[in-house]
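Visitor: One structure, as structure tokens, below. Some questions next.
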Amino acid sequence: MIKGFKEFILRGNVIDLAVAVVIGAAFTAVVNAIVSAIINPLIEVFYVPNANGDFGPEITGLYGQTVVFPLGSLLTAVISFFAVALVVYFVFVFPMNRWKARAAARAGVIEQTDEPKLPTEQELLVQIRDLLERQPRG
């Protein structure tokens, strides 16, 4: 059981994923700080925050209550997601894929796809012709 766990932990994918999660979490704090310091004040130029701190377009509801669509929270989440995804991709995934491709090229490994090779148009036409020739005429 411990041997299986050791093999699982020492796989490159698990270590890559752990590093990406840790760096992603740390980078998320930086992105959230940038969004709250720059993006949210820009939105506040157009919308005044309510008592809860939400800002966005206000609409009067069916019963006369004020409904706020909090754009700040939405933009913060979207910008944070894309910023963290870009950093994780360009700092970890892209270099790791290039490193693996170089290592495979040095080892002489040829990458094969799981999809079978489809026949060309000319090969299909030859097959159709042969099938038509084999049919009895009558």
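For the structure tokens, the naming scheme is as follows: chains receive sequential letters (A, B, ...) according to their order of presentation, residues are indexed from 1 within each chain, and ligands are indexed from 1 in presentation order.
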Using only C-alpha atoms, determine which residues lie at most 9 Å from region 65-77 of chain A, disregarding the query and same-chain residues fewer than 6 positions distant; provide the list as a VMD selection string.
Guide: chain A and resid 31 to 32 35 to 36 39 to 40 43 to 44 50 54 to 59
Visitor: Any chance you could export the current selection's N, CA, C and O atoms as a PDB file, in the first residue's frame?
Guide:
ATOM      1  N   VAL A  31      -3.832  39.031  -7.207  1.00  0.00           N
ATOM      2  CA  VAL A  31      -4.834  39.488  -8.180  1.00  0.00           C
ATOM      3  C   VAL A  31      -6.000  40.156  -7.470  1.00  0.00           C
ATOM      4  O   VAL A  31      -6.481  41.211  -7.899  1.00  0.00           O
ATOM      5  N   ASN A  32      -6.472  39.569  -6.382  1.00  0.00           N
ATOM      6  CA  ASN A  32      -7.578  40.180  -5.636  1.00  0.00           C
ATOM      7  C   ASN A  32      -7.198  41.561  -5.123  1.00  0.00           C
ATOM      8  O   ASN A  32      -8.026  42.484  -5.124  1.00  0.00           O
ATOM      9  N   VAL A  35      -7.297  43.956  -8.127  1.00  0.00           N
ATOM     10  CA  VAL A  35      -8.679  44.239  -8.531  1.00  0.00           C
ATOM     11  C   VAL A  35      -9.343  45.181  -7.543  1.00  0.00           C
ATOM     12  O   VAL A  35     -10.011  46.138  -7.924  1.00  0.00           O
ATOM     13  N   SER A  36      -9.155  44.928  -6.251  1.00  0.00           N
ATOM     14  CA  SER A  36      -9.803  45.796  -5.262  1.00  0.00           C
ATOM     15  C   SER A  36      -9.170  47.181  -5.222  1.00  0.00           C
ATOM     16  O   SER A  36      -9.828  48.161  -4.871  1.00  0.00           O
ATOM     17  N   ILE A  39      -9.512  48.076 -10.132  1.00  0.00           N
ATOM     18  CA  ILE A  39     -10.735  47.841 -10.898  1.00  0.00           C
ATOM     19  C   ILE A  39     -11.972  48.337 -10.143  1.00  0.00           C
ATOM     20  O   ILE A  39     -12.816  49.037 -10.703  1.00  0.00           O
ATOM     21  N   ASN A  40     -12.093  47.956  -8.884  1.00  0.00           N
ATOM     22  CA  ASN A  40     -13.271  48.378  -8.115  1.00  0.00           C
ATOM     23  C   ASN A  40     -13.405  49.895  -8.021  1.00  0.00           C
ATOM     24  O   ASN A  40     -14.513  50.412  -8.183  1.00  0.00           O
ATOM     25  N   ILE A  43     -14.962  51.130 -11.190  1.00  0.00           N
ATOM     26  CA  ILE A  43     -16.398  50.869 -11.261  1.00  0.00           C
ATOM     27  C   ILE A  43     -17.156  51.862 -10.373  1.00  0.00           C
ATOM     28  O   ILE A  43     -18.248  52.316 -10.718  1.00  0.00           O
ATOM     29  N   GLU A  44     -16.557  52.205  -9.236  1.00  0.00           N
ATOM     30  CA  GLU A  44     -17.204  53.151  -8.322  1.00  0.00           C
ATOM     31  C   GLU A  44     -17.319  54.548  -8.918  1.00  0.00           C
ATOM     32  O   GLU A  44     -18.082  55.371  -8.417  1.00  0.00           O
ATOM     33  N   ASN A  50     -23.690  50.614  -2.080  1.00  0.00           N
ATOM     34  CA  ASN A  50     -24.798  50.705  -1.134  1.00  0.00           C
ATOM     35  C   ASN A  50     -24.287  50.403   0.270  1.00  0.00           C
ATOM     36  O   ASN A  50     -23.075  50.312   0.504  1.00  0.00           O
ATOM     37  N   ASP A  54     -21.900  46.786  -1.927  1.00  0.00           N
ATOM     38  CA  ASP A  54     -22.086  46.343  -3.310  1.00  0.00           C
ATOM     39  C   ASP A  54     -22.304  47.552  -4.199  1.00  0.00           C
ATOM     40  O   ASP A  54     -22.969  48.507  -3.816  1.00  0.00           O
ATOM     41  N   PHE A  55     -21.735  47.502  -5.394  1.00  0.00           N
ATOM     42  CA  PHE A  55     -21.977  48.582  -6.340  1.00  0.00           C
ATOM     43  C   PHE A  55     -22.271  48.008  -7.701  1.00  0.00           C
ATOM     44  O   PHE A  55     -21.717  46.988  -8.097  1.00  0.00           O
ATOM     45  N   GLY A  56     -23.192  48.653  -8.367  1.00  0.00           N
ATOM     46  CA  GLY A  56     -23.635  48.217  -9.675  1.00  0.00           C
ATOM     47  C   GLY A  56     -24.968  48.863  -9.970  1.00  0.00           C
ATOM     48  O   GLY A  56     -25.463  49.689  -9.204  1.00  0.00           O
ATOM     49  N   PRO A  57     -25.582  48.493 -11.070  1.00  0.00           N
ATOM     50  CA  PRO A  57     -26.867  49.104 -11.409  1.00  0.00           C
ATOM     51  C   PRO A  57     -27.931  48.735 -10.381  1.00  0.00           C
ATOM     52  O   PRO A  57     -28.006  47.600  -9.939  1.00  0.00           O
ATOM     53  N   GLU A  58     -28.747  49.723 -10.025  1.00  0.00           N
ATOM     54  CA  GLU A  58     -29.834  49.506  -9.068  1.00  0.00           C
ATOM     55  C   GLU A  58     -31.155  49.530  -9.813  1.00  0.00           C
ATOM     56  O   GLU A  58     -31.387  50.391 -10.656  1.00  0.00           O
ATOM     57  N   ILE A  59     -32.014  48.572  -9.486  1.00  0.00           N
ATOM     58  CA  ILE A  59     -33.331  48.467 -10.103  1.00  0.00           C
ATOM     59  C   ILE A  59     -34.360  48.347  -8.990  1.00  0.00           C
ATOM     60  O   ILE A  59     -34.110  47.684  -7.978  1.00  0.00           O
TER      61      ILE A  59
END
Visitor: So which residues touch Asp16 (chain A) within 10 Å, counting only C-alpha atoms, skipping near sequence neighbours fewer than 5 positions away, as an MDAnalysis selection string?
Guide: chainID A and resid 11 21 92:93 96
Visitor: Which parts of chain A does DSSP call alpha helix (DSSP H) when run on the backbone here, written out as JSON, numbers by chain?
Guide: {"A": [2, 3, 4, 5, 6, 7, 8, 9, 12, 13, 14, 15, 16, 17, 18, 19, 20, 21, 22, 23, 24, 25, 26, 27, 28, 29, 30, 31, 32, 33, 34, 40, 41, 42, 43, 44, 71, 72, 73, 74, 75, 76, 77, 78, 79, 80, 81, 82, 83, 84, 85, 86, 87, 88, 94, 95, 96, 97, 98, 99, 100, 101, 102, 103, 104, 105, 106, 107, 121, 122, 123, 124, 125, 126, 127, 128, 129, 130, 131, 132, 133, 134]}
Visitor: Have a look at A:Arg106, A:Leu86, A:Pro41, A:Ile2 and name the one nearest to Ala20 (chain A); count only C-alpha atoms.
Guide: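 Of A:Arg106, A:Leu86, A:Pro41, A:Ile2, the one nearest Ala20 (chain A), counting only C-alpha atoms, is A:Leu86.
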Visitor: If DSSP is run on the backbone, what residues of region 18-79 of chain A are strand (DSSP E or B)? A reply as a list of chain:residue names would be ideal.
Guide: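 Of region 18-79 of chain A, the ones in strand (DSSP E or B) are A:Glu58, A:Ile59, A:Thr60, A:Thr66, A:Val67, A:Val68.
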Visitor: Quick one: distance from CA of Phe82 (chain A) to CA of Thr28 (chain A) in Å, one decimal?
Guide: 10.3 Å
Visitor: A:Leu62, A:Val45, A:Ala107, A:Val88: which is nearest Ala18 (chain A), counting only C-alpha atoms?
Guide: A:Val88
